[in-house]
Amino acid sequence: MSENLKELYQIQRVLNDTGYHDISRISKEIQDYCNEKAISPTLVLKRIETGEPWDYIRGESEFYGNKFLLNKRTLIPRPETEQMVDIAISFLEENPNYKNVIDVGTGSGCIIISIAKVLKDKKEINLCGIDIDKQALSIAKENAVLHKINEKVTFLKGNLLKATELKDGTLIIANLPYIPKKIYKKLDRSVLNFEPKRALLGGKDGLKYYKELISQVEKACKKDISLDITLLIEIEPSTLEDLRMVLGNYETDIIKDSRNHNRFVLIRLS
Ligand SMILES: C[S@@+](CC[C@H](N)C(=O)[O-])C[C@H]1O[C@@H](n2cnc3c(N)ncnc32)[C@H](O)[C@@H]1O
């Protein structure tokens with residue numbers, strides 16, 4: 001057996017023992033990465049064995065068919081979140097009076113940058129990404145440069161919407177920390193030990209940040225009753241009933257993810 005093949009089997013065995021699913025793709029990626037960096041796969045496998053996600057080791061991930069750089073302060077984008085991009089684009093097509101998009105809790109910038117790439121010829125649409133974490137924002141800015149849309153998206157550091165003034169016709173997209181405390185404690189060790197708590201934990205009920213965000217929008221709408229604002233959020237499905245209490249009589253649309261879970265909520269807040 002060639003050395004190359006032996007090495008590949010060793011990588012595949014460790015990935016299998018650590019609970020990876022897409023083993024043939026990732027083992028090939030690890031082998032290519034080690035060849036390119038001229039390092040021994042043993043170094044990478046030692047880190048994999050501790051539960052460190054491969055995407056953090058290589059410093060990038062894929063989202064909506066694009067490559068996104070990551071650092072330890074950014075969440076690894078989840079495949080289900082890609083649907084938010086599709087929902088947002090359909091919404092903007094159906095509501096041409098909406099000329100502003102704000103992505104609150106932008107992290108790596110994966111959502112707003114993917115939208116910007118699809119809408120690159122629509123000069124009239126303003127796009128903005130906000131995050132409270134300086135280091136996450138710096139990666140989002142790097143990703144915007146990587147995808148050549150840095151002129152199209154503005155990035156702001158701030159607590160939810162505090163750093164910005166809402167304009168009429170704004171779609172706010174938010175994939176904020178939404179895991180309730182009880183569920184958070186039971187997440188995989190690779191998530192608990194390596195992914196930023198600040199990006200995941202949504203307080204006791206998982207709705208801490210969404211409640212605050214809705215209240216910020218409500219305040220702005222009270223100040224200016226002509227504002228037409230819609231919010232698109234990703235949630236932990238088990239928190240939907242509690243969220244309904246918060247939303248009261250607002251017009252809402254619940255959208256399921258590909259696994260048939262109530263994952264996205266579109267809320268007309270005007
Ligand atoms: C679940 S991650 C989502 C990251 C990215 N949008 C994605 O979908 O992969 C939540 C993000 O919200 C940010 N965040 C947490 N609290 C925030 C706050 N009060 N204001 C703004 N951003 C916040 C975190 O730093 C993190 O980047």
# chains A, B, ... in the order shown; residues from 1 in each chain; ligands from 1
call {"tool": "residues_near_ligand", "arguments": {"ligand": "ligand 1", "cutoff": "9 Å", "atoms": "only C-alpha atoms and all ligand atoms", "output": "ChimeraX atom specification"}}
result
/A:63,73-78,81-82,84,103-112,129-137,157-162,173-179,196-202,209,212-213,234
call {"tool": "residues_around", "arguments": {"residues": "range 259-268 of chain A", "least_positions_apart": "3", "cutoff": "7 Å", "atoms": "only C-alpha atoms", "output": "list in words"}}
result
Ile229, Thr230, Leu231, Leu232, Ile233, Glu234, Ile235, Glu236, Pro237, Tyr250, Glu251, Thr252, Asp253, Ile254, Ile255 and Lys256 of chain A
call {"tool": "write_last_selection", "arguments": {"atoms": "N, CA and C atoms", "output": "mmCIF file, in the first residue's frame"}}
result
data_model
loop_
_atom_site.group_PDB
_atom_site.id
_atom_site.type_symbol
_atom_site.label_atom_id
_atom_site.label_comp_id
_atom_site.auth_asym_id
_atom_site.auth_seq_id
_atom_site.Cartn_x
_atom_site.Cartn_y
_atom_site.Cartn_z
ATOM 1 N N ILE A 229 -41.062 48.120 8.656
ATOM 2 C CA ILE A 229 -39.910 47.267 9.016
ATOM 3 C C ILE A 229 -40.362 45.814 9.083
ATOM 4 N N THR A 230 -39.556 44.919 8.530
ATOM 5 C CA THR A 230 -39.836 43.480 8.653
ATOM 6 C C THR A 230 -38.597 42.786 9.211
ATOM 7 N N LEU A 231 -38.885 41.826 10.072
ATOM 8 C CA LEU A 231 -37.799 41.110 10.743
ATOM 9 C C LEU A 231 -37.843 39.636 10.326
ATOM 10 N N LEU A 232 -36.687 39.114 9.949
ATOM 11 C CA LEU A 232 -36.585 37.688 9.636
ATOM 12 C C LEU A 232 -35.602 37.074 10.625
ATOM 13 N N ILE A 233 -36.096 36.134 11.447
ATOM 14 C CA ILE A 233 -35.202 35.557 12.453
ATOM 15 C C ILE A 233 -35.125 34.036 12.323
ATOM 16 N N GLU A 234 -33.981 33.516 12.781
ATOM 17 C CA GLU A 234 -33.837 32.052 12.881
ATOM 18 C C GLU A 234 -33.977 31.710 14.361
ATOM 19 N N ILE A 235 -34.731 30.656 14.656
ATOM 20 C CA ILE A 235 -34.968 30.315 16.069
ATOM 21 C C ILE A 235 -34.697 28.831 16.357
ATOM 22 N N GLU A 236 -34.620 28.532 17.636
ATOM 23 C CA GLU A 236 -34.638 27.133 18.075
ATOM 24 C C GLU A 236 -36.133 26.758 18.069
ATOM 25 N N PRO A 237 -36.521 25.735 17.275
ATOM 26 C CA PRO A 237 -37.944 25.449 17.095
ATOM 27 C C PRO A 237 -38.745 25.336 18.399
ATOM 28 N N TYR A 250 -48.707 40.888 15.874
ATOM 29 C CA TYR A 250 -47.956 41.183 14.640
ATOM 30 C C TYR A 250 -48.237 40.108 13.590
ATOM 31 N N GLU A 251 -48.231 40.567 12.328
ATOM 32 C CA GLU A 251 -48.429 39.632 11.223
ATOM 33 C C GLU A 251 -47.151 38.776 11.107
ATOM 34 N N THR A 252 -47.282 37.456 11.233
ATOM 35 C CA THR A 252 -46.074 36.613 11.190
ATOM 36 C C THR A 252 -46.241 35.445 10.220
ATOM 37 N N ASP A 253 -45.139 34.988 9.754
ATOM 38 C CA ASP A 253 -45.126 33.861 8.835
ATOM 39 C C ASP A 253 -44.058 32.895 9.377
ATOM 40 N N ILE A 254 -44.469 31.671 9.700
ATOM 41 C CA ILE A 254 -43.507 30.686 10.223
ATOM 42 C C ILE A 254 -43.045 29.823 9.044
ATOM 43 N N ILE A 255 -41.732 29.710 8.884
ATOM 44 C CA ILE A 255 -41.202 28.947 7.743
ATOM 45 C C ILE A 255 -40.399 27.756 8.263
ATOM 46 N N LYS A 256 -40.638 26.588 7.672
ATOM 47 C CA LYS A 256 -39.953 25.368 8.134
ATOM 48 C C LYS A 256 -38.600 25.221 7.444
#
call {"tool": "residues_around", "arguments": {"residues": "Thr170 in chain A", "least_positions_apart": "5", "cutoff": "10 Å", "atoms": "only C-alpha atoms", "output": "list in words"}}
result
Leu92, Asn97, Tyr98, Lys99, Asn100, Val101, Ile102, Ile125, Asn126, Leu127, Leu227, Asp228, Ile229, Thr230 and Leu231 of chain A
call {"tool": "write_last_selection", "arguments": {"atoms": "N, CA and C atoms", "output": "PDB file, in the first residue's frame"}}
result
ATOM      1  N   LEU A  92     -37.331  40.504  -0.795  1.00  0.00           N
ATOM      2  CA  LEU A  92     -36.931  41.777  -1.434  1.00  0.00           C
ATOM      3  C   LEU A  92     -37.517  41.886  -2.847  1.00  0.00           C
ATOM      4  N   ASN A  97     -40.319  48.124  -2.315  1.00  0.00           N
ATOM      5  CA  ASN A  97     -40.144  49.339  -1.488  1.00  0.00           C
ATOM      6  C   ASN A  97     -39.086  49.135  -0.398  1.00  0.00           C
ATOM      7  N   TYR A  98     -38.655  47.882  -0.195  1.00  0.00           N
ATOM      8  CA  TYR A  98     -37.607  47.609   0.804  1.00  0.00           C
ATOM      9  C   TYR A  98     -36.240  47.799   0.149  1.00  0.00           C
ATOM     10  N   LYS A  99     -35.540  48.856   0.599  1.00  0.00           N
ATOM     11  CA  LYS A  99     -34.248  49.174  -0.026  1.00  0.00           C
ATOM     12  C   LYS A  99     -33.079  49.001   0.952  1.00  0.00           C
ATOM     13  N   ASN A 100     -33.401  48.554   2.172  1.00  0.00           N
ATOM     14  CA  ASN A 100     -32.336  48.415   3.185  1.00  0.00           C
ATOM     15  C   ASN A 100     -32.385  47.027   3.815  1.00  0.00           C
ATOM     16  N   VAL A 101     -31.194  46.450   3.982  1.00  0.00           N
ATOM     17  CA  VAL A 101     -31.108  45.137   4.643  1.00  0.00           C
ATOM     18  C   VAL A 101     -30.050  45.239   5.734  1.00  0.00           C
ATOM     19  N   ILE A 102     -30.446  44.857   6.952  1.00  0.00           N
ATOM     20  CA  ILE A 102     -29.476  44.840   8.063  1.00  0.00           C
ATOM     21  C   ILE A 102     -29.400  43.410   8.591  1.00  0.00           C
ATOM     22  N   ILE A 125     -30.016  49.021  -3.350  1.00  0.00           N
ATOM     23  CA  ILE A 125     -30.206  48.351  -2.045  1.00  0.00           C
ATOM     24  C   ILE A 125     -28.984  48.543  -1.147  1.00  0.00           C
ATOM     25  N   ASN A 126     -29.254  49.043   0.070  1.00  0.00           N
ATOM     26  CA  ASN A 126     -28.170  49.265   1.050  1.00  0.00           C
ATOM     27  C   ASN A 126     -28.072  48.054   1.966  1.00  0.00           C
ATOM     28  N   LEU A 127     -26.865  47.588   2.177  1.00  0.00           N
ATOM     29  CA  LEU A 127     -26.667  46.381   2.989  1.00  0.00           C
ATOM     30  C   LEU A 127     -25.727  46.675   4.149  1.00  0.00           C
ATOM     31  N   LEU A 227     -42.585  54.162   9.638  1.00  0.00           N
ATOM     32  CA  LEU A 227     -41.559  53.144   9.320  1.00  0.00           C
ATOM     33  C   LEU A 227     -42.184  51.791   8.957  1.00  0.00           C
ATOM     34  N   ASP A 228     -41.742  51.239   7.851  1.00  0.00           N
ATOM     35  CA  ASP A 228     -42.182  49.903   7.443  1.00  0.00           C
ATOM     36  C   ASP A 228     -40.977  48.973   7.634  1.00  0.00           C
ATOM     37  N   ILE A 229     -41.062  48.120   8.656  1.00  0.00           N
ATOM     38  CA  ILE A 229     -39.910  47.267   9.016  1.00  0.00           C
ATOM     39  C   ILE A 229     -40.362  45.814   9.083  1.00  0.00           C
ATOM     40  N   THR A 230     -39.556  44.919   8.530  1.00  0.00           N
ATOM     41  CA  THR A 230     -39.836  43.480   8.653  1.00  0.00           C
ATOM     42  C   THR A 230     -38.597  42.786   9.211  1.00  0.00           C
ATOM     43  N   LEU A 231     -38.885  41.826  10.072  1.00  0.00           N
ATOM     44  CA  LEU A 231     -37.799  41.110  10.743  1.00  0.00           C
ATOM     45  C   LEU A 231     -37.843  39.636  10.326  1.00  0.00           C
TER      46      LEU A 231
END
call {"tool": "select_by_dssp", "arguments": {"residues": "range 115-237 of chain A", "states": "alpha helix (DSSP H)", "output": "PyMOL selection string"}}
result
chain A and resi 115-118+134-146+181-184+189-194+208-223
call {"tool": "write_last_selection", "arguments": {"atoms": "N, CA and C atoms", "output": "compact mmCIF listing (two decimals), in the first residue's frame"}}
result
# COMPACT_ATOMS: atom_id res chain seq x y z
N ILE A 115 -26.12 37.50 0.37
CA ILE A 115 -27.20 38.32 -0.22
C ILE A 115 -26.58 39.35 -1.16
N ALA A 116 -25.51 39.99 -0.71
CA ALA A 116 -24.86 41.03 -1.53
C ALA A 116 -24.39 40.46 -2.86
N LYS A 117 -23.89 39.22 -2.83
CA LYS A 117 -23.41 38.62 -4.09
C LYS A 117 -24.56 38.39 -5.06
N VAL A 118 -25.71 37.95 -4.52
CA VAL A 118 -26.87 37.72 -5.40
C VAL A 118 -27.39 39.06 -5.94
N LYS A 134 -15.82 42.54 18.12
CA LYS A 134 -14.86 43.20 17.23
C LYS A 134 -14.12 42.20 16.34
N GLN A 135 -13.73 41.07 16.93
CA GLN A 135 -12.94 40.10 16.16
C GLN A 135 -13.79 39.37 15.11
N ALA A 136 -15.07 39.17 15.42
CA ALA A 136 -15.96 38.57 14.41
C ALA A 136 -16.12 39.57 13.26
N LEU A 137 -16.31 40.84 13.62
CA LEU A 137 -16.48 41.86 12.56
C LEU A 137 -15.27 41.96 11.66
N SER A 138 -14.08 41.80 12.23
CA SER A 138 -12.89 41.96 11.38
C SER A 138 -12.84 40.82 10.35
N ILE A 139 -13.31 39.63 10.72
CA ILE A 139 -13.37 38.53 9.75
C ILE A 139 -14.47 38.78 8.72
N ALA A 140 -15.60 39.35 9.17
CA ALA A 140 -16.68 39.66 8.21
C ALA A 140 -16.15 40.64 7.16
N LYS A 141 -15.36 41.63 7.60
CA LYS A 141 -14.80 42.60 6.64
C LYS A 141 -13.83 41.92 5.68
N GLU A 142 -13.02 41.00 6.22
CA GLU A 142 -12.09 40.25 5.34
C GLU A 142 -12.86 39.45 4.31
N ASN A 143 -13.98 38.84 4.75
CA ASN A 143 -14.79 38.05 3.82
C ASN A 143 -15.42 38.92 2.75
N ALA A 144 -15.80 40.14 3.13
CA ALA A 144 -16.39 41.05 2.14
C ALA A 144 -15.35 41.40 1.07
N VAL A 145 -14.10 41.57 1.48
CA VAL A 145 -13.03 41.86 0.52
C VAL A 145 -12.81 40.63 -0.37
N LEU A 146 -12.77 39.46 0.27
CA LEU A 146 -12.57 38.20 -0.47
C LEU A 146 -13.61 38.04 -1.58
N LYS A 181 -30.71 27.94 27.73
CA LYS A 181 -29.64 27.47 28.63
C LYS A 181 -29.63 25.95 28.82
N LYS A 182 -30.82 25.37 29.03
CA LYS A 182 -30.88 23.91 29.29
C LYS A 182 -30.36 23.10 28.10
N ILE A 183 -30.68 23.56 26.88
CA ILE A 183 -30.23 22.83 25.68
C ILE A 183 -28.73 23.08 25.46
N TYR A 184 -28.30 24.31 25.73
CA TYR A 184 -26.89 24.67 25.52
C TYR A 184 -25.97 23.73 26.28
N ARG A 189 -19.47 18.30 22.76
CA ARG A 189 -18.28 18.92 23.36
C ARG A 189 -17.55 19.80 22.35
N SER A 190 -17.62 19.44 21.06
CA SER A 190 -16.90 20.24 20.07
C SER A 190 -17.53 21.64 19.97
N VAL A 191 -18.82 21.73 20.21
CA VAL A 191 -19.48 23.05 20.20
C VAL A 191 -19.15 23.78 21.50
N LEU A 192 -19.35 23.07 22.62
CA LEU A 192 -19.14 23.71 23.93
C LEU A 192 -17.70 24.17 24.13
N ASN A 193 -16.76 23.35 23.67
CA ASN A 193 -15.35 23.67 23.94
C ASN A 193 -14.74 24.60 22.91
N PHE A 194 -15.33 24.68 21.72
CA PHE A 194 -14.65 25.44 20.66
C PHE A 194 -15.45 26.59 20.05
N LYS A 208 -33.70 35.87 24.67
CA LYS A 208 -33.18 37.10 25.26
C LYS A 208 -32.90 38.18 24.19
N TYR A 209 -32.17 37.79 23.16
CA TYR A 209 -31.75 38.80 22.16
C TYR A 209 -32.89 39.19 21.24
N TYR A 210 -33.77 38.24 20.91
CA TYR A 210 -34.90 38.57 20.03
C TYR A 210 -35.87 39.52 20.74
N LYS A 211 -36.09 39.31 22.05
CA LYS A 211 -36.98 40.21 22.80
C LYS A 211 -36.42 41.62 22.78
N GLU A 212 -35.10 41.70 22.99
CA GLU A 212 -34.45 43.01 23.03
C GLU A 212 -34.50 43.69 21.66
N LEU A 213 -34.26 42.89 20.63
CA LEU A 213 -34.27 43.41 19.26
C LEU A 213 -35.66 43.95 18.90
N ILE A 214 -36.69 43.16 19.22
CA ILE A 214 -38.07 43.58 18.90
C ILE A 214 -38.39 44.87 19.65
N SER A 215 -37.95 44.94 20.89
CA SER A 215 -38.24 46.16 21.67
C SER A 215 -37.50 47.38 21.08
N GLN A 216 -36.29 47.18 20.57
CA GLN A 216 -35.58 48.31 19.92
C GLN A 216 -36.33 48.77 18.67
N VAL A 217 -36.85 47.82 17.89
CA VAL A 217 -37.58 48.20 16.67
C VAL A 217 -38.88 48.89 17.06
N GLU A 218 -39.55 48.36 18.07
CA GLU A 218 -40.83 48.97 18.50
C GLU A 218 -40.62 50.42 18.91
N LYS A 219 -39.52 50.67 19.62
CA LYS A 219 -39.23 52.05 20.05
C LYS A 219 -39.06 52.95 18.84
N ALA A 220 -38.31 52.46 17.83
CA ALA A 220 -38.08 53.27 16.63
C ALA A 220 -39.40 53.51 15.88
N CYS A 221 -40.26 52.49 15.85
CA CYS A 221 -41.55 52.63 15.13
C CYS A 221 -42.49 53.57 15.88
N LYS A 222 -42.35 53.65 17.20
CA LYS A 222 -43.18 54.58 17.97
C LYS A 222 -42.76 56.01 17.68
N LYS A 223 -41.43 56.19 17.54
CA LYS A 223 -40.89 57.52 17.26
C LYS A 223 -41.31 58.00 15.88
call {"tool": "residues_around", "arguments": {"residues": "range 15-24 of chain A", "least_positions_apart": "2", "cutoff": "9 Å", "atoms": "only C-alpha atoms", "output": "list of chain:residue names"}}
result
A:Gln10, A:Ile11, A:Gln12, A:Arg13, A:Ile26, A:Ser27, A:Lys28, A:Glu29, A:Leu45, A:Ile48, A:Glu49, A:Thr50, A:Gly51
call {"tool": "closest_residue", "arguments": {"among": "A:Leu8, A:Asp242, A:Asn249, A:Glu60", "to": "Thr42 in chain A", "atoms": "only C-alpha atoms"}}
result
A:Leu8
call {"tool": "atom_distance", "arguments": {"atom1": "CA of Gly248 in chain A", "atom2": "CA of Ser270 in chain A"}}
result
13.3 Å
call {"tool": "closest_residue", "arguments": {"among": "A:Asp168, A:Asp257, A:Glu7, A:Glu195", "to": "Asp224 in chain A", "atoms": "only C-alpha atoms"}}
result
A:Asp168
